[in-house]
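So this one's target.txt, compact mmCIF, C-alpha atoms:
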# COMPACT_ATOMS: atom_id res chain seq x y z
CA VAL A 27 53.03 160.53 138.19
CA ILE A 28 55.84 158.17 137.18
CA ARG A 29 54.60 158.20 133.56
CA GLU A 30 54.74 162.01 133.54
CA ILE A 31 58.25 161.99 134.96
CA ARG A 32 59.48 159.25 132.64
CA ALA A 33 58.10 161.20 129.65
CA ASP A 34 59.98 164.30 130.86
CA MET A 35 63.23 162.37 131.18
CA LYS A 36 62.87 160.74 127.76
CA SER A 37 61.93 163.98 125.99
CA GLY A 38 65.51 165.13 125.69
CA ARG A 39 64.81 168.26 127.73
CA GLN A 40 65.64 168.83 131.37
CA MET A 41 62.86 167.75 133.70
CA ASN A 42 61.84 170.49 136.11
CA ARG A 43 58.86 169.16 138.08
CA LEU A 44 57.06 169.92 141.35
CA LEU A 45 55.58 166.86 143.05
CA GLN A 46 52.86 167.54 145.62
CA GLY A 47 51.48 164.90 147.93
CA ASP A 48 50.23 164.50 151.45
CA VAL A 49 52.53 163.16 154.18
CA GLY A 50 52.75 159.41 153.63
CA SER A 51 51.44 159.54 150.06
CA GLY A 52 54.58 158.01 148.57
CA LYS A 53 56.67 160.98 147.42
CA THR A 54 59.89 159.34 148.64
CA LEU A 55 59.08 156.15 146.72
CA VAL A 56 58.45 158.22 143.59
CA ALA A 57 61.82 159.90 144.14
CA LEU A 58 63.48 156.48 144.48
CA MET A 59 61.85 155.18 141.30
CA VAL A 60 63.04 158.26 139.39
CA ALA A 61 66.52 157.86 140.91
CA LEU A 62 66.59 154.26 139.66
CA ILE A 63 65.75 155.50 136.16
CA ALA A 64 68.69 157.92 136.39
CA ILE A 65 70.99 155.15 137.68
CA ASP A 66 69.84 152.84 134.87
CA ASN A 67 71.01 155.55 132.48
CA GLY A 68 74.48 155.71 134.05
CA CYS A 69 73.85 158.75 136.26
CA GLN A 70 73.85 159.54 139.96
CA ALA A 71 71.02 161.04 142.00
CA CYS A 72 71.08 163.46 144.91
CA ILE A 73 68.24 163.90 147.41
CA MET A 74 68.44 167.05 149.53
CA ALA A 75 66.32 167.51 152.67
CA PRO A 76 66.19 170.53 154.99
CA THR A 77 67.08 168.69 158.23
CA GLU A 78 69.39 165.88 159.27
CA ILE A 79 66.48 163.95 160.76
CA LEU A 80 64.57 164.02 157.47
CA ALA A 81 67.70 163.12 155.49
CA GLU A 82 68.30 160.14 157.79
CA GLN A 83 64.64 159.07 157.42
CA HIS A 84 65.02 159.17 153.63
CA LEU A 85 68.23 157.15 153.87
CA ASP A 86 66.55 154.50 156.04
CA THR A 87 63.53 154.32 153.71
CA LEU A 88 65.69 153.99 150.60
CA ARG A 89 67.85 151.28 152.13
CA GLU A 90 64.81 149.38 153.36
CA VAL A 91 63.08 149.47 149.98
CA LEU A 92 66.26 148.74 148.01
CA GLY A 93 67.06 145.75 150.22
CA ASP A 94 69.96 143.88 148.65
CA MET A 95 69.78 145.64 145.28
CA PRO A 96 73.27 146.68 144.12
CA VAL A 97 72.63 150.40 144.62
CA ARG A 98 74.94 152.28 146.95
CA VAL A 99 73.28 155.02 148.97
CA ALA A 100 75.27 157.39 151.19
CA LEU A 101 74.50 160.17 153.65
CA LEU A 102 76.14 163.61 153.74
CA THR A 103 75.13 166.01 156.50
CA GLY A 104 76.97 168.36 158.82
CA SER A 105 77.35 165.46 161.27
CA VAL A 106 79.31 163.32 158.79
CA LYS A 107 82.90 164.21 159.64
CA GLY A 108 86.49 163.13 159.20
CA LYS A 109 87.23 159.83 157.48
CA ARG A 110 83.56 159.11 156.69
CA ARG A 111 83.18 162.50 154.97
CA THR A 112 86.40 162.03 152.98
CA GLU A 113 85.20 158.58 151.85
CA VAL A 114 81.86 160.01 150.69
CA PHE A 115 83.65 162.72 148.66
CA ARG A 116 86.04 160.17 147.11
CA ASP A 117 83.39 157.57 146.29
CA LEU A 118 81.00 160.19 144.91
CA VAL A 119 83.58 161.49 142.41
CA ALA A 120 84.50 157.91 141.48
CA GLY A 121 80.84 157.16 140.73
CA GLU A 122 80.68 154.43 143.38
CA ILE A 123 77.82 156.16 145.20
CA GLN A 124 74.67 156.11 143.07
CA ILE A 125 72.36 158.03 145.45
CA LEU A 126 73.56 160.75 147.80
CA VAL A 127 71.11 161.81 150.51
CA GLY A 128 71.87 164.89 152.54
CA THR A 129 71.18 168.35 153.82
CA HIS A 130 72.69 171.69 152.79
CA ALA A 131 76.03 169.86 153.02
CA VAL A 132 75.48 168.47 149.50
CA ILE A 133 75.66 171.95 147.95
CA GLU A 134 79.11 172.76 149.34
CA ASP A 135 81.65 173.55 146.62
CA ASN A 136 83.86 170.57 147.52
CA VAL A 137 81.03 168.05 146.90
CA LEU A 138 81.64 166.79 143.37
CA PHE A 139 79.79 164.11 141.43
CA HIS A 140 80.96 161.73 138.73
CA LYS A 141 77.78 162.23 136.67
CA LEU A 142 74.84 163.86 138.42
CA GLY A 143 71.67 163.17 136.47
CA LEU A 144 68.89 163.82 138.99
CA VAL A 145 68.37 166.24 141.85
CA VAL A 146 65.46 165.69 144.24
CA ILE A 147 64.70 168.47 146.72
CA ASP A 148 62.33 167.60 149.54
CA GLU A 149 60.38 170.30 151.37
CA GLN A 150 61.43 172.60 148.55
CA HIS A 151 59.94 175.68 150.19
CA ARG A 152 62.65 175.43 152.88
CA PHE A 153 65.38 176.12 150.30
CA GLY A 154 66.02 179.28 148.33
CA VAL A 155 66.58 179.47 144.60
CA ALA A 156 70.32 179.95 145.19
CA HIS A 157 70.47 176.68 147.17
CA ARG A 158 68.76 174.76 144.37
CA ALA A 159 70.91 176.42 141.72
CA LYS A 160 74.10 175.19 143.41
CA LEU A 161 73.02 171.62 142.67
CA TRP A 162 72.10 172.39 139.08
CA VAL A 163 75.69 173.39 138.26
CA LYS A 164 77.31 170.28 139.74
CA ASN A 165 77.26 168.59 136.35
CA ALA A 166 78.33 169.72 132.87
CA VAL A 167 74.78 169.03 131.67
CA PRO A 168 72.13 170.34 134.08
CA PRO A 169 70.48 167.41 135.90
CA HIS A 170 66.78 166.63 135.93
CA VAL A 171 65.12 168.32 138.92
CA LEU A 172 62.24 167.01 141.02
CA VAL A 173 61.10 169.20 143.91
CA MET A 174 58.67 167.77 146.43
CA THR A 175 56.30 169.28 148.95
CA ALA A 176 53.53 168.16 151.25
CA THR A 177 52.18 171.72 151.31
CA PRO A 178 49.03 171.76 149.17
CA ILE A 179 49.33 174.36 146.46
CA PRO A 180 46.32 174.83 144.16
CA ARG A 181 47.28 174.23 140.54
CA THR A 182 46.61 177.82 139.44
CA LEU A 183 48.77 179.20 142.26
CA ALA A 184 51.48 176.64 141.50
CA MET A 185 51.49 177.74 137.86
CA THR A 186 51.87 181.37 138.97
CA LEU A 187 54.55 180.78 141.61
CA TYR A 188 56.37 177.95 139.86
CA GLY A 189 55.70 178.71 136.20
CA ASP A 190 59.01 177.12 135.26
CA LEU A 191 57.94 173.81 136.83
CA ASP A 192 55.56 171.16 135.59
CA VAL A 193 53.25 170.10 138.42
CA SER A 194 52.28 166.56 139.45
CA VAL A 195 49.95 165.75 142.32
CA ILE A 196 49.64 162.49 144.23
CA ASP A 197 45.97 162.74 145.11
CA GLU A 198 45.39 159.28 146.55
CA LEU A 199 47.02 157.47 149.42
CA PRO A 200 48.72 154.07 149.26
CA ALA A 201 46.66 151.06 150.30
CA GLY A 202 47.10 150.04 153.92
CA ARG A 203 48.45 153.42 154.99
CA LYS A 204 48.20 153.93 158.72
CA PRO A 205 46.19 156.99 159.75
CA ILE A 206 48.14 160.03 160.93
CA VAL A 207 47.63 160.69 164.63
CA THR A 208 48.44 164.13 165.99
CA GLN A 209 49.13 164.35 169.70
CA HIS A 210 49.98 167.26 171.98
CA PHE A 211 52.38 166.86 174.90
CA TYR A 212 53.00 169.32 177.71
CA GLU A 213 56.46 169.98 179.11
CA LYS A 214 55.69 167.75 182.14
CA ASP A 215 55.24 164.81 179.70
CA ARG A 216 58.59 165.27 177.97
CA LEU A 217 59.89 161.81 178.98
CA LYS A 218 56.68 160.21 177.75
CA LEU A 219 57.23 161.98 174.40
CA PHE A 220 60.80 160.72 174.19
CA GLY A 221 59.56 157.20 174.88
CA PHE A 222 56.97 157.56 172.14
Rewrite the structure from the file as C-alpha cells, please.
Amino acid sequence: VIREIRADMKSGRQMNRLLQGDVGSGKTLVALMVALIAIDNGCQACIMAPTEILAEQHLDTLREVLGDMPVRVALLTGSVKGKRRTEVFRDLVAGEIQILVGTHAVIEDNVLFHKLGLVVIDEQHRFGVAHRAKLWVKNAVPPHVLVMTATPIPRTLAMTLYGDLDVSVIDELPAGRKPIVTQHFYEKDRLKLFGF
C-alpha cells in the first residue's frame, strides 16, 4: 500500500486514494507514514475524524509511535477552546505544527495552514463531499488526499462509487494483533461497562 501511495505522490499528480482495511489493520500507521513523507517534503498533514474520541485516539497513537521524533502533532476539535485554540491557529499558520488531527473543526474558514500537502480523512463515509472539499482548498496547490474506511467495499462497487479515487486494500492483519472481542452490556451493567 505504501508503495502505491508513494508512487502517487511522486508522479507529479494529486493523489486521491481510498484505503480500505479492517479495524486494527494498520490504516492509522499508513496515514502516519504518508504524513511523514509529506513532512519530509516540507508540507503539513491534516487528519480529520468524525468524532472527538476518534480524533483523540489518533492523536495518542501518533504521539506514541512518533516517540521523541521532532514532529509536532496538535489536536483541534470543538473542545479545544480559548488560548489553546488560538495557539493551534497561530502555530499552524507559522508551520510549527506538522500534523493537525481533528474533527469538523479543521474545516472552519479560520483554520489556515502554512503549506498543507496531505489530507487524511478517516471514516470517510461520515463526511460529505462539501466537507472534504473545504480541506482541498486550504492550500494554493490542492493537497494529496487519502480517505480511509473500515467498511468493506468490493472493488467493482468502489470503482463505481468512487471512480475518482484509486483504491488500496489492506487485506492482511499485523502480526501479534489481539483478536477483537465484541461484548453486549445491559443498562443494569452500565458501571461495569465504564470500568471496562
Interatomic distance (Å, one decimal) between CA of Asp215 (chain A) and CA of Glu82 (chain A):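 Calculated distance between CA of Asp215 (chain A) and CA of Glu82 (chain A) is 25.9 Å.
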Counting only C-alpha atoms, the residue of A:Gln46, A:Gln124, A:Ser51, A:Thr112 that sits nearest Ile63 (chain A): A:Gln124
What does the distance between CA of Arg39 (chain A) and CA of Val163 (chain A) come to in Å, to one decimal place? 16.0 Å
Quick one, how far is CA of Trp162 (chain A) from CA of Cys69 (chain A)? 14.0 Å
Test item: residues at most 9 Å from Ile31 (chain A), all atoms listed in the file, excluding those fewer than 6 positions along its chain, as a ChimeraX atom specification: /A:41,43,60,172,194
Go through region 31-142 of chain A residue by residue and, counting only C-alpha atoms, keep those with an atom at most 12 Å from region 166-169 of chain A; for each kept residue give the shortest atom pair and its distance in Å to one decimal, ordered by chain and increasing number, as JSON lines.
{"residue": "A:Met35", "atom": "CA", "partner": "A:Pro169", "partner_atom": "CA", "distance": 10.0}
{"residue": "A:Gly38", "atom": "CA", "partner": "A:Pro169", "partner_atom": "CA", "distance": 11.6}
{"residue": "A:Arg39", "atom": "CA", "partner": "A:Pro168", "partner_atom": "CA", "distance": 9.9}
{"residue": "A:Gln40", "atom": "CA", "partner": "A:Pro169", "partner_atom": "CA", "distance": 6.8}
{"residue": "A:Met41", "atom": "CA", "partner": "A:Pro169", "partner_atom": "CA", "distance": 7.9}
{"residue": "A:Asn42", "atom": "CA", "partner": "A:Pro169", "partner_atom": "CA", "distance": 9.2}
{"residue": "A:Arg43", "atom": "CA", "partner": "A:Pro169", "partner_atom": "CA", "distance": 12.0}
{"residue": "A:Ala61", "atom": "CA", "partner": "A:Pro169", "partner_atom": "CA", "distance": 11.5}
{"residue": "A:Ala64", "atom": "CA", "partner": "A:Pro169", "partner_atom": "CA", "distance": 9.7}
{"residue": "A:Cys69", "atom": "CA", "partner": "A:Pro169", "partner_atom": "CA", "distance": 9.3}
{"residue": "A:Gln70", "atom": "CA", "partner": "A:Pro169", "partner_atom": "CA", "distance": 9.5}
{"residue": "A:Ala71", "atom": "CA", "partner": "A:Pro169", "partner_atom": "CA", "distance": 8.8}
{"residue": "A:Cys72", "atom": "CA", "partner": "A:Pro169", "partner_atom": "CA", "distance": 9.9}
{"residue": "A:Leu138", "atom": "CA", "partner": "A:Ala166", "partner_atom": "CA", "distance": 11.4}
{"residue": "A:Phe139", "atom": "CA", "partner": "A:Ala166", "partner_atom": "CA", "distance": 10.3}
{"residue": "A:His140", "atom": "CA", "partner": "A:Ala166", "partner_atom": "CA", "distance": 10.3}
{"residue": "A:Lys141", "atom": "CA", "partner": "A:Ala166", "partner_atom": "CA", "distance": 8.4}
{"residue": "A:Leu142", "atom": "CA", "partner": "A:Pro169", "partner_atom": "CA", "distance": 6.2}
Applying 12 Å and only C-alpha atoms, which residues near Glu134 (chain A) remain after dropping the ones on its own chain fewer than 4 positions away? List them as a ChimeraX atom specification. /A:102-104,115,128-130,138-139,157-161,163-164
Store the residues picked out above, limited to C-alpha atoms, as a short mmCIF file (atom, residue, chain, number, x, y, z; two decimals), in the frame of the given file.
data_model
loop_
_atom_site.label_atom_id
_atom_site.label_comp_id
_atom_site.auth_asym_id
_atom_site.auth_seq_id
_atom_site.Cartn_x
_atom_site.Cartn_y
_atom_site.Cartn_z
CA LEU A 102 76.14 163.61 153.74
CA THR A 103 75.13 166.01 156.50
CA GLY A 104 76.97 168.36 158.82
CA PHE A 115 83.65 162.72 148.66
CA GLY A 128 71.87 164.89 152.54
CA THR A 129 71.18 168.35 153.82
CA HIS A 130 72.69 171.69 152.79
CA LEU A 138 81.64 166.79 143.37
CA PHE A 139 79.79 164.11 141.43
CA HIS A 157 70.47 176.68 147.17
CA ARG A 158 68.76 174.76 144.37
CA ALA A 159 70.91 176.42 141.72
CA LYS A 160 74.10 175.19 143.41
CA LEU A 161 73.02 171.62 142.67
CA VAL A 163 75.69 173.39 138.26
CA LYS A 164 77.31 170.28 139.74
#
My list of candidates is A:Ile73, A:Val207, A:Ala57, A:Leu118. Which is closest to Leu45 (chain A) when distances are computed with only C-alpha atoms?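 The answer is A:Ala57, which sits nearest to Leu45 (chain A).
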So which one's closest to Lys36 (chain A), A:Ile79, A:Met59, A:Asp117, A:His170? Using all atoms listed in the file, please.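 Going through A:Ile79, A:Met59, A:Asp117, A:His170 one by one, the smallest distance to Lys36 (chain A) is for A:His170.
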For Thr87 (chain A), find every residue with an atom within 12 Å (counting only C-alpha atoms), except residues of its own chain fewer than 2 positions away, and show them as a PyMOL selection string. chain A and resi 50+52-58+80-85+89-93+99+127
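Minimum atom-to-atom distances from A:Val132, A:Leu126, A:Leu88, A:Met74 to Ile147 (chain A) were compared using all atoms listed in the file, and the lowest value belongs to A:Met74.
Comparing the minimum interatomic distances between Val97 (chain A) and each of A:Val49, A:Leu44, A:Ile196, A:Ile123, counting all atoms listed in the file, we find that A:Ile123 sits nearest.
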Mind giving me the axis-aligned box for region 201-218 of chain A with 8 Å on every side, centre plus edges in Å to one decimal, as JSON?
{"center_x": 53.0, "center_y": 160.0, "center_z": 166.2, "size_x": 29.7, "size_y": 35.9, "size_z": 47.8}
